[in-house]
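> For reference, this is query-v5.txt, and it has compact mmCIF, C-alpha atoms.
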```txt
# COMPACT_ATOMS: atom_id res chain seq x y z
CA MET A 229 21.52 157.72 179.17
CA THR A 230 23.88 155.10 177.74
CA SER A 231 27.10 153.70 179.10
CA ALA A 232 30.42 153.56 177.29
CA GLU A 233 29.89 149.83 176.91
CA ASP A 234 26.53 150.39 175.23
CA ASP A 235 28.14 152.77 172.74
CA GLU A 236 30.28 149.93 171.42
CA PHE A 237 27.26 148.08 169.99
CA PRO A 238 26.24 148.91 166.40
CA SER A 239 22.68 150.16 165.80
CA PRO A 240 21.68 149.94 162.13
CA VAL A 241 19.83 153.00 160.87
CA ASP A 242 19.10 151.08 157.69
CA ASN A 243 20.20 147.78 156.22
CA ASP A 244 22.96 149.30 154.10
CA GLU A 245 24.73 151.65 156.48
CA PRO A 246 24.89 150.42 160.10
CA GLN A 247 25.74 153.13 162.65
CA PHE A 248 27.36 152.60 166.05
CA VAL A 249 25.25 154.57 168.50
CA GLY A 250 22.70 153.92 171.21
CA THR A 251 21.28 150.87 172.95
CA LEU A 252 19.78 148.19 170.73
CA SER A 253 16.48 146.41 171.01
CA ALA A 254 16.24 142.66 170.45
CA ASP A 255 14.81 143.25 166.95
CA GLU A 256 17.69 145.57 166.07
CA LEU A 257 20.25 143.07 167.31
CA ASP A 258 18.81 140.52 164.90
CA LEU A 259 19.61 142.89 162.00
CA LEU A 260 23.31 143.16 162.81
CA PRO A 261 25.76 141.62 160.33
CA VAL A 262 26.70 138.07 161.31
CA ASP A 263 30.29 137.44 162.37
CA PRO A 264 31.49 135.00 159.66
CA ALA A 265 34.14 133.52 161.97
CA LEU A 266 31.49 132.69 164.55
CA ALA A 267 29.24 131.20 161.86
CA VAL A 268 32.03 128.86 160.72
CA ALA A 269 32.97 128.05 164.33
CA GLU A 270 29.39 126.99 165.01
CA GLN A 271 29.56 124.55 162.09
CA MET A 272 32.91 123.18 163.29
CA LEU A 273 31.65 122.77 166.85
CA ALA A 274 28.33 121.18 165.82
CA ARG A 275 30.27 118.68 163.70
CA ALA A 276 32.61 117.89 166.60
CA ILE A 277 29.77 117.35 169.09
CA GLU A 278 27.91 115.10 166.66
CA ARG A 279 31.08 113.14 165.87
CA ALA A 280 31.57 112.51 169.60
CA GLY A 281 28.06 111.01 169.74
CA TYR A 282 26.37 113.82 171.67
CA THR A 283 23.95 116.69 171.09
CA PRO A 284 24.36 120.29 172.29
CA ALA A 285 21.69 119.57 174.89
CA ASP A 286 23.77 116.68 176.27
CA VAL A 287 26.92 118.70 176.89
CA GLY A 288 25.06 121.80 178.08
CA VAL A 289 23.56 120.19 181.16
CA SER A 290 24.54 121.86 184.42
CA GLU A 291 26.94 120.10 186.78
CA PHE A 292 28.91 118.65 183.87
CA VAL A 293 32.47 119.39 182.76
CA ALA A 294 33.59 119.44 179.13
CA ILE A 295 37.06 119.95 177.72
CA VAL A 296 37.30 121.03 174.11
CA ARG A 297 40.45 120.65 172.04
CA VAL A 298 40.57 123.43 169.45
CA PRO A 299 42.53 123.09 166.18
CA SER A 300 44.72 126.15 166.76
CA ALA A 301 45.15 129.13 169.05
CA ALA A 302 43.45 131.35 166.48
CA TRP A 303 40.19 129.40 166.86
CA ALA A 304 40.09 129.15 170.68
CA GLU A 305 38.17 132.33 171.50
CA VAL A 306 35.61 132.03 168.72
CA ILE A 307 35.01 128.31 169.42
CA SER A 308 34.23 129.25 173.02
CA GLU A 309 31.77 131.87 171.73
CA ALA A 310 30.15 129.21 169.56
CA TRP A 311 29.87 127.00 172.64
CA ALA A 312 28.02 129.77 174.48
CA LYS A 313 25.59 130.08 171.58
CA LEU A 314 25.01 126.41 170.74
CA VAL A 315 25.33 124.78 174.13
CA GLN A 316 24.50 127.46 176.68
CA SER A 317 21.61 129.17 174.84
CA GLY A 318 23.62 132.34 174.25
CA GLU A 319 24.47 132.94 177.92
CA LYS A 320 27.94 134.33 178.49
CA ALA A 321 30.24 132.60 180.97
CA ASP A 322 32.11 133.59 184.06
CA ASP A 323 35.83 133.65 183.31
CA GLY A 324 37.60 130.89 185.23
CA GLU A 325 41.05 132.19 184.35
CA ARG A 326 40.21 135.55 185.95
CA ARG A 327 38.58 133.91 188.97
CA GLU A 328 35.16 135.43 188.22
CA TRP A 329 33.45 132.95 190.53
CA TRP A 330 31.35 135.62 192.21
CA HIS A 331 29.18 136.35 189.15
CA LYS A 332 27.38 133.03 189.58
CA LYS A 333 26.49 132.57 185.94
CA ARG A 334 25.26 129.19 184.77
CA TRP A 335 28.62 128.14 183.40
CA ILE A 336 32.32 128.91 183.69
CA ARG A 337 34.82 129.11 180.84
CA PHE A 338 38.52 128.30 180.96
CA LEU A 339 40.58 129.36 177.93
CA ALA A 340 44.21 128.26 177.66
CA ILE A 341 46.10 128.43 174.36
CA ASP A 342 49.62 127.46 173.47
CA ASN A 343 51.07 130.99 173.26
CA GLU A 344 50.08 132.02 176.76
CA GLU A 345 52.88 133.42 178.91
CA ARG A 346 52.17 131.33 181.97
CA SER A 347 52.99 127.82 183.08
CA ARG A 348 50.46 125.17 183.88
CA LEU A 349 51.32 125.58 187.57
CA ASP A 350 50.40 129.27 187.43
CA ALA A 351 47.18 128.45 185.60
CA ASP A 352 46.29 125.88 188.24
CA LYS A 353 46.87 128.20 191.19
CA GLY A 354 43.49 128.62 192.87
CA ALA A 355 41.66 127.27 189.84
CA ASN A 356 41.39 123.69 191.10
CA ASP A 357 39.52 124.80 194.22
CA GLY A 358 37.29 126.93 192.02
CA VAL A 359 36.48 123.95 189.79
CA ALA A 360 35.42 121.87 192.78
CA THR A 361 33.35 124.72 194.25
CA ALA A 362 31.58 125.37 190.95
CA LEU A 363 30.67 121.72 190.57
CA TRP A 364 29.13 121.25 194.00
CA GLN A 365 27.19 124.47 193.36
CA GLY A 366 25.70 122.84 190.25
CA ARG A 367 27.38 124.97 187.58
CA ALA A 368 28.74 123.71 184.26
CA ILE A 369 32.36 124.18 183.22
CA ALA A 370 33.96 124.11 179.78
CA GLY A 371 37.67 124.34 179.05
CA PHE A 372 39.05 125.28 175.62
CA SER A 373 42.66 124.66 174.65
CA THR A 374 44.98 123.45 171.93
CA GLU A 375 46.52 121.13 174.54
CA PRO A 376 43.90 120.57 177.25
CA GLU A 377 45.90 118.07 179.32
CA LYS A 378 48.91 120.37 179.45
CA LEU A 379 47.39 123.84 179.80
CA LEU A 380 44.04 123.52 181.56
CA PRO A 381 43.83 123.10 185.36
CA ALA A 382 44.55 119.52 186.36
CA ASP A 383 41.28 119.06 188.25
CA LEU A 384 39.30 120.35 185.27
CA VAL A 385 40.86 117.69 183.05
CA ARG A 386 40.48 115.00 185.69
CA ALA A 387 36.80 115.78 186.28
CA ALA A 388 35.85 115.99 182.59
CA ASP A 389 32.59 114.27 181.67
CA TYR A 390 32.83 115.12 177.97
CA ARG A 391 35.84 115.42 175.68
CA ILE A 392 35.22 117.15 172.37
CA GLU A 393 37.78 117.56 169.59
CA VAL A 394 37.14 120.30 167.07
CA LEU A 395 38.83 119.67 163.72
CA PRO A 396 40.00 122.46 161.38
CA PRO A 397 37.27 123.97 159.20
CA SER A 398 36.13 121.84 156.29
CA ALA A 399 34.94 123.12 152.94
CA GLU A 400 31.41 122.11 153.89
CA ASP A 401 31.63 124.01 157.20
CA ILE A 402 32.55 127.18 155.32
CA ALA A 403 29.90 126.65 152.63
CA ARG A 404 27.15 126.14 155.21
CA ALA A 405 28.22 129.23 157.13
CA ILE A 406 28.30 131.36 153.98
CA ALA A 407 24.84 130.10 153.03
CA GLY A 408 23.53 131.10 156.44
CA ILE A 409 25.14 134.54 156.32
CA THR A 410 24.14 135.44 152.77
CA SER A 411 20.99 133.29 152.38
CA GLN A 412 22.60 131.93 149.23
CA ARG A 413 24.14 128.50 148.78
CA HIS A 414 27.15 128.67 146.47
CA SER A 415 27.97 125.44 144.67
CA ALA A 416 31.74 125.95 144.35
CA LEU A 417 33.51 124.72 147.50
CA LEU A 418 37.00 125.64 148.57
CA PRO A 419 39.47 122.79 148.14
CA GLU A 420 39.87 120.95 151.45
CA ALA A 421 43.59 121.77 151.39
CA ASP A 422 42.65 125.46 151.52
CA ALA A 423 39.70 125.17 153.89
CA VAL A 424 41.80 123.82 156.77
CA LEU A 425 44.04 126.91 156.52
CA VAL A 426 41.16 129.38 156.91
CA THR A 427 41.36 131.47 160.09
CA PRO A 428 38.79 133.65 161.85
CA HIS A 429 40.78 136.70 160.79
CA ALA A 430 40.69 135.71 157.11
CA LEU A 431 36.94 135.09 157.28
CA ARG A 432 36.34 138.54 158.72
CA LEU A 433 38.79 140.29 156.43
CA ALA A 434 37.14 138.89 153.30
CA ARG A 435 33.58 139.78 154.34
CA ARG A 436 31.59 142.76 153.03
CA PRO A 437 27.96 143.25 154.16
CA LYS A 438 26.59 143.53 150.60
CA GLN A 439 28.38 140.45 149.21
CA ASP A 440 26.37 137.50 148.02
CA GLY A 441 27.59 133.97 148.67
CA ALA A 442 29.54 133.68 145.42
CA ALA A 443 31.34 136.99 145.90
CA TYR A 444 32.31 136.13 149.45
CA SER A 445 33.63 132.71 148.42
CA ARG A 446 35.69 134.26 145.65
CA LYS A 447 37.14 136.93 147.90
CA LEU A 448 38.06 134.35 150.52
CA ALA A 449 39.75 132.15 147.90
CA GLU A 450 41.66 135.14 146.52
CA MET A 451 42.91 136.05 149.97
CA LEU A 452 44.15 132.51 150.51
CA GLY A 453 46.02 132.82 147.24
CA THR A 454 44.65 129.49 146.07
CA ALA A 455 41.83 130.35 143.68
CA ARG A 456 41.75 127.94 140.73
CA SER A 457 39.84 128.35 137.53
CA GLU A 458 37.02 125.93 136.79
CA ALA A 459 38.64 125.23 133.43
CA GLU A 460 41.84 123.99 135.08
CA VAL A 461 39.87 121.71 137.37
CA ALA A 462 37.82 120.36 134.45
CA ARG A 463 40.97 119.65 132.43
CA ALA A 464 42.69 117.77 135.27
CA PRO A 465 42.96 114.16 134.05
CA PHE A 466 41.88 111.19 136.13
CA VAL A 467 44.66 108.74 136.94
CA ARG A 468 44.05 105.07 136.43
CA SER A 469 43.65 102.71 139.34
CA SER A 470 47.14 101.23 139.31
CA ALA A 471 48.77 104.66 139.32
CA PHE A 472 46.46 105.83 142.09
CA ARG A 473 47.33 102.84 144.26
CA ASP A 474 51.03 103.46 143.65
CA HIS A 475 50.84 107.20 144.33
CA PRO A 476 47.77 108.09 146.43
CA THR A 477 47.38 111.64 147.78
CA LEU A 478 44.95 113.23 150.21
CA GLU A 479 42.93 115.15 147.62
CA ARG A 480 42.09 111.87 145.90
CA LEU A 481 40.80 110.05 148.99
CA HIS A 482 37.03 109.95 149.40
CA GLY A 483 34.83 108.99 152.35
CA LEU A 484 37.58 109.76 154.89
CA ASP A 485 36.59 113.37 155.57
CA GLU A 486 37.73 113.66 159.20
CA ALA A 487 41.03 111.92 158.60
CA VAL A 488 41.71 113.98 155.46
CA ALA A 489 40.94 117.26 157.27
CA TRP A 490 43.41 116.32 159.99
CA GLY A 491 45.92 115.29 157.32
CA TRP A 492 45.81 118.70 155.62
CA SER A 493 46.27 120.39 158.98
CA LEU A 494 49.29 118.17 159.69
CA LYS A 495 50.75 118.97 156.25
CA ALA A 496 50.58 122.69 157.02
CA SER A 497 52.46 122.10 160.28
CA VAL A 498 55.08 119.83 158.68
CA ASP A 499 55.67 122.35 155.90
CA ALA A 500 56.13 125.12 158.48
CA TYR A 501 58.55 122.89 160.43
CA LYS A 502 60.58 122.21 157.27
CA ALA A 503 60.78 125.95 156.63
CA GLY A 504 62.00 126.63 160.17
CA GLN A 505 58.82 128.52 161.04
CA LEU A 506 57.42 126.10 163.64
CA PRO A 507 59.09 124.10 166.44
CA TRP A 508 58.42 120.38 166.42
CA SER A 509 56.76 120.67 169.82
CA GLU A 510 53.81 122.35 168.06
CA VAL A 511 53.44 119.63 165.41
CA ASP A 512 50.78 117.01 166.13
CA PRO A 513 52.65 113.85 167.30
CA GLY A 514 50.19 111.50 165.62
CA CYS A 515 46.82 109.82 165.80
CA LEU A 516 44.94 106.55 166.10
CA LEU A 517 42.66 105.55 163.22
CA SER A 518 39.98 103.01 164.02
CA GLY A 519 37.44 101.41 161.74
CA PRO A 520 36.38 98.20 160.03
CA PRO A 521 38.72 96.30 157.71
CA GLY A 522 38.88 97.75 154.22
CA SER A 523 37.90 101.28 155.22
CA GLY A 524 41.15 102.81 153.95
CA LYS A 525 43.30 103.23 157.06
CA SER A 526 46.52 101.97 155.49
CA LEU A 527 45.81 103.83 152.25
CA PHE A 528 45.33 107.03 154.23
CA ALA A 529 48.76 106.67 155.85
CA ARG A 530 50.40 106.26 152.42
CA ALA A 531 48.47 109.19 150.98
CA LEU A 532 49.35 111.40 153.94
CA ALA A 533 53.06 110.64 153.65
CA ALA A 534 52.99 111.28 149.89
CA THR A 535 51.12 114.57 150.32
CA CYS A 536 53.52 115.74 153.04
CA ASP A 537 56.50 114.52 150.97
CA VAL A 538 58.05 112.54 153.81
CA GLY A 539 59.22 108.97 154.23
CA LEU A 540 56.82 106.35 155.59
CA PHE A 541 58.06 103.51 157.79
CA ALA A 542 55.68 100.66 158.60
CA GLY A 543 55.43 98.14 161.40
CA SER A 544 53.00 96.01 163.35
CA TYR A 545 53.03 93.34 166.03
CA ALA A 546 53.02 90.63 163.34
CA ILE A 547 55.71 92.28 161.18
CA TRP A 548 58.07 92.86 164.08
CA LEU A 549 57.46 89.39 165.53
CA ALA A 550 58.21 87.74 162.17
CA SER A 551 61.47 89.64 161.72
CA GLY A 552 63.55 86.91 163.43
CA HIS A 553 62.76 83.63 165.13
CA ALA A 554 59.75 84.80 167.14
CA HIS A 555 62.05 85.63 170.06
CA GLN A 556 61.30 88.66 172.17
CA GLY A 557 64.78 90.02 171.57
CA ASP A 558 64.36 89.87 167.78
CA MET A 559 60.97 91.55 167.96
CA LEU A 560 62.23 94.40 170.15
CA LYS A 561 65.23 94.93 167.86
CA ALA A 562 62.95 95.15 164.82
CA MET A 563 60.66 97.65 166.56
CA ARG A 564 63.57 99.83 167.64
CA ARG A 565 65.09 99.62 164.16
CA THR A 566 61.88 100.99 162.61
CA PHE A 567 61.89 103.99 164.94
CA SER A 568 65.64 104.46 164.52
CA ASP A 569 65.36 104.44 160.71
CA ALA A 570 62.55 106.99 160.86
CA LYS A 571 64.62 109.29 163.11
CA LYS A 572 67.41 109.30 160.55
CA LYS A 573 65.05 110.66 157.85
CA VAL A 574 63.14 113.37 159.72
CA PRO A 575 60.59 114.62 159.15
CA SER A 576 59.09 111.17 158.66
CA PHE A 577 56.01 109.11 159.51
CA ILE A 578 55.67 105.68 161.12
CA PHE A 579 52.54 103.63 160.45
CA ILE A 580 51.74 100.98 163.07
CA ASP A 581 49.02 98.67 161.79
CA GLU A 582 46.71 96.54 163.96
CA LEU A 583 47.54 98.32 167.21
CA ASP A 584 44.85 96.24 168.91
CA SER A 585 47.09 93.19 168.35
CA PHE A 586 49.34 94.52 171.11
CA PRO A 587 48.00 93.19 174.42
CA ASN A 588 46.23 95.33 176.99
CA ARG A 589 48.41 94.79 180.07
CA ALA A 590 45.46 95.23 182.43
CA THR A 591 43.72 92.16 181.00
CA LEU A 592 46.69 89.78 180.87
CA ARG A 593 46.17 86.67 183.00
CA HIS A 594 48.16 83.91 181.26
CA ALA A 595 51.40 82.40 182.51
CA HIS A 596 53.55 84.31 180.02
CA ALA A 597 52.03 87.72 180.68
CA GLN A 598 55.43 89.23 181.47
CA TRP A 599 56.53 88.56 177.88
CA ASP A 600 53.66 90.61 176.47
CA ILE A 601 54.04 93.33 179.11
CA GLN A 602 57.63 93.94 178.04
CA ILE A 603 56.55 94.27 174.40
CA VAL A 604 54.03 97.01 175.24
CA ASN A 605 56.53 98.71 177.55
CA ALA A 606 59.05 98.79 174.71
CA LEU A 607 56.54 100.39 172.36
CA LEU A 608 55.69 103.00 175.00
CA ALA A 609 59.39 103.76 175.36
CA GLU A 610 59.68 104.37 171.62
CA LEU A 611 56.62 106.62 171.59
CA ASP A 612 57.86 108.94 174.34
CA GLY A 613 61.15 107.64 175.66
CA ILE A 614 64.01 109.76 176.99
CA GLU A 615 65.58 110.01 173.54
CA GLY A 616 62.36 111.54 172.17
CA ARG A 617 61.15 111.29 168.59
CA GLU A 618 61.44 114.83 167.25
CA GLY A 619 60.56 114.91 163.59
CA VAL A 620 58.62 111.63 163.67
CA VAL A 621 54.80 111.44 163.49
CA VAL A 622 53.19 108.11 164.42
CA ILE A 623 49.92 107.02 162.79
CA ALA A 624 48.42 103.84 164.20
CA ALA A 625 45.40 101.85 163.01
CA CYS A 626 43.13 99.28 164.60
CA ASN A 627 39.74 97.64 164.19
CA TYR A 628 38.79 97.54 167.88
CA PRO A 629 39.98 100.61 169.81
CA HIS A 630 38.51 99.38 173.10
CA LEU A 631 41.12 96.59 173.11
CA VAL A 632 44.08 98.98 172.94
CA ASP A 633 46.17 99.39 176.10
CA PRO A 634 45.07 102.75 177.60
CA ALA A 635 48.69 103.84 178.08
CA LEU A 636 49.20 103.89 174.30
CA VAL A 637 46.50 106.50 173.83
CA ARG A 638 47.38 108.83 176.68
CA SER A 639 48.31 112.48 176.16
CA GLY A 640 51.39 113.00 174.01
CA ARG A 641 51.21 109.52 172.48
CA LEU A 642 48.23 108.53 170.33
CA ASP A 643 45.55 110.54 172.17
CA ARG A 644 44.00 111.88 168.96
CA HIS A 645 41.42 109.30 167.85
CA ILE A 646 39.81 109.47 164.41
CA GLN A 647 37.07 106.99 163.60
CA VAL A 648 36.86 105.82 159.98
CA SER A 649 33.67 104.31 158.60
CA LEU A 650 32.90 102.52 155.35
CA PRO A 651 32.12 104.94 152.50
CA ASP A 652 28.54 105.99 151.76
CA GLN A 653 27.01 106.05 148.28
CA LEU A 654 28.34 109.51 147.38
CA ALA A 655 31.86 108.58 148.44
CA LEU A 656 31.63 105.29 146.51
CA VAL A 657 30.72 107.17 143.33
CA LYS A 658 33.89 109.26 143.70
CA ILE A 659 35.98 106.19 144.50
CA LEU A 660 34.69 104.33 141.44
CA ARG A 661 35.35 107.33 139.23
CA GLU A 662 38.88 107.59 140.62
CA HIS A 663 39.62 104.00 139.71
CA LEU A 664 37.86 104.01 136.34
CA GLY A 665 39.89 106.98 135.25
CA GLU A 666 39.10 107.75 131.62
CA GLU A 667 36.90 104.69 131.18
CA LEU A 668 33.08 105.13 130.90
CA PRO A 669 33.23 108.92 130.60
CA GLY A 670 29.91 110.63 131.31
CA GLU A 671 28.28 107.47 132.69
CA SER A 672 26.38 107.69 135.98
CA LEU A 673 27.92 105.48 138.66
CA GLU A 674 25.23 105.94 141.30
CA ASP A 675 23.56 102.57 140.70
CA ALA A 676 26.90 100.77 140.82
CA ALA A 677 27.78 102.55 144.04
CA LEU A 678 24.43 101.58 145.56
CA LEU A 679 25.05 97.94 144.70
CA ALA A 680 28.48 98.19 146.33
```
The structure given in the file should be rewritten as C-alpha cells.

Amino acid sequence: MTSAEDDEFPSPVDNDEPQFVGTLSADELDLLPVDPALAVAEQMLARAIERAGYTPADVGVSEFVAIVRVPSAAWAEVISEAWAKLVQSGEKADDGERREWWHKKRWIRFLAIDNEERSRLDADKGANDGVATALWQGRAIAGFSTEPEKLLPADLVRAADYRIEVLPPSAEDIARAIAGITSQRHSALLPEADAVLVTPHALRLARRPKQDGAAYSRKLAEMLGTARSEAEVARAPFVRSSAFRDHPTLERLHGLDEAVAWGWSLKASVDAYKAGQLPWSEVDPGCLLSGPPGSGKSLFARALAATCDVGLFAGSYAIWLASGHAHQGDMLKAMRRTFSDAKKKVPSFIFIDELDSFPNRATLRHAHAQWDIQIVNALLAELDGIEGREGVVVIAACNYPHLVDPALVRSGRLDRHIQVSLPDQLALVKILREHLGEELPGESLEDAALLA
C-alpha cells in the first residue's frame, strides 16, 4: 500500500526509461537522475563556505545559527536544499516560516526572498520567540535570503554565528557539476559573463538523461543564446599592454575570480535597470574589496565601469583632503562634489580607495578626534543620507579591512566584502599573455610566472 506522496517519487524500471510508481529502495534512489540545479548549487555553496574560512562540518554543528545570502531569488530554494545535503547530512529541515517547531528535526530553515508578499514585521511575528526556543533546545538554524538583514527575523540575524555569501554560479561551478552528473569532464567552459546568468530553471530545461557532458554544455549555451564558435575565440586578437591598461574589461582580468563573478552579476542588474526592467532598489549598492597592494583592486573598478558602460568617479581620504588647504570644510566639499557629480550621470560608479585611511571612530583617543569623527559622519551621510544615491554604486578598496569603521560596512552601505589575493601561477600566465599581446606567440610562460 503506497501513499499519494510515495507515488510522486520516480522508480526506474531500467536506466533509460524511469517510471514514476511505487516506493523506492535506497539503491533505487541512487539511480535517479541528478537534479542539475542542485548539483550546481552544491558547488556554489561549497565555494562560499570555503571562502568564508569554514568547512561544512563547522557550520552544521547543532546550536549554531547561520545566515546565507543567496545571489538571487531564483537560487534561494535550491541553495537551501544544497545546505541540507552538504551541511546537515541530507536531513530535511523544519520550516521556520510555517512555524513547524513541533517536528523537532535537527535544524530549522527560514527562507525569505525579495518577491515575498509580506513585510519584515509579518515575517518576525512569532518567529523571534521560535528562534530563541530552538536555540536553547540545541537545534541549528539557517536562514536563506537575498537580503538577510531586511527579510529574515531580527533575532535570527542578531544571533547569527556564521554569515555565508553565495556568489552567482561560476563557469567552474557549472563544469564540475556537469562532470559529476555525466561522469565526463568537458574542457570547454561557459564564458563567465554567461555563467553568472545561469538559473536553476535553465539548468533543468537544458538537461536530458542521455546527454554526455559536451552535449549538455552545448545545449545550455544555446539556451543562453551566447554560444560562440571556437574559431571566433581563436581569432580574437590580444591587445597590447598599453591598450589594456587604458581600456580594461572584466573578461580580461585574471586572478580576481570572486570579484569578476560579482561584477558580471552587477552588470546584468545595471543593464536591466537601464532598460527599465529592474528598480534600483534591487541593484547591489556596492562592495568593499580588500587585499594586499598591487592585487588589482583599482584596476577592477575601472574594468567594471568599462564593462557596464558607466562613468567612474574616484575619491579617497588623501584625494579629498588635498583638494583645498587641508581644511575640513574643503575636504567635505570635495567629497560631496564627487557624489553630486556621480548622481548627475546615473547610472554611475564611485570608487573610494584606501577606505582604511578613514578613522575608526571607536578607536579615536587624540585631542582632535572630533575632526575625524565629522569626516566619517559625512561619508556615512553620502552613502545613505536622506537624499539617497539612486543610480550610484559605490566600490571601496582597502588593505586592512579590520581597521574600517564598522558603520561603513553595515547593511545597505558596503556590507558586501570581497577579498582579493595575489594571483597564483595560472593567473600570472594569463596576465603575462594579456600584456605580451602578439609578442612571443606559442611560448610557454609558466616558468616566468613561477619566477614572478
> Between A:Ala405, A:Leu484, A:Ile578, A:Ala399, which has the minimum distance to Ala449 (chain A) (counting all atoms listed in the file)?
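Closest residue, counting all atoms listed in the file: A:Ala399.
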> Could you give me, as JSON lines, every region 615-650 of chain A residue with an atom at most 12 Å from region 491-498 of chain A, plus its closest atom pair and distance in Å to one decimal, counting only C-alpha atoms, rows ordered by chain then number?

```
{"residue": "A:Glu618", "atom": "CA", "partner": "A:Val498", "partner_atom": "CA", "distance": 11.8}
{"residue": "A:Gly619", "atom": "CA", "partner": "A:Val498", "partner_atom": "CA", "distance": 8.9}
{"residue": "A:Val620", "atom": "CA", "partner": "A:Val498", "partner_atom": "CA", "distance": 10.2}
{"residue": "A:Val621", "atom": "CA", "partner": "A:Leu494", "partner_atom": "CA", "distance": 9.5}
{"residue": "A:Val622", "atom": "CA", "partner": "A:Leu494", "partner_atom": "CA", "distance": 11.8}
{"residue": "A:Ile623", "atom": "CA", "partner": "A:Gly491", "partner_atom": "CA", "distance": 10.7}
{"residue": "A:Ile646", "atom": "CA", "partner": "A:Gly491", "partner_atom": "CA", "distance": 11.0}
```
> Choose the residue, out of A:Pro513, A:Pro575, A:Pro476, A:Pro284, that has the smallest atom-to-atom separation from Ala529 (chain A); count all atoms listed in the file.
A:Pro476
> With only C-alpha atoms as the atoms that count, which of A:Leu363, A:Ala370, A:Ile580, A:Ala442 lies nearest to Ala546 (chain A)?
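Closest candidate: A:Ile580.
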> If we count only C-alpha atoms and set the cut-off at 8 Å, which residues sit around Lys333 (chain A), ignoring sequence neighbours fewer than 6 positions away in its own chain? Please answer as a CSV table (one decimal) with C-alpha atoms, keeping the file's coordinate frame.

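File written: part_16.csv
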```csv
chain,number,residue,atom,x,y,z
A,320,LYS,CA,27.9,134.3,178.5
A,321,ALA,CA,30.2,132.6,181.0
A,322,ASP,CA,32.1,133.6,184.1
A,367,ARG,CA,27.4,125.0,187.6
```
> Tell me, as a VMD selection string, which residues lie within 12 Å of Val574 (chain A), counting only C-alpha atoms; anything in the same chain fewer than 5 positions away does not count.
chain A and resid 498 501 to 502 508 536 to 541 567 to 569 617 to 621
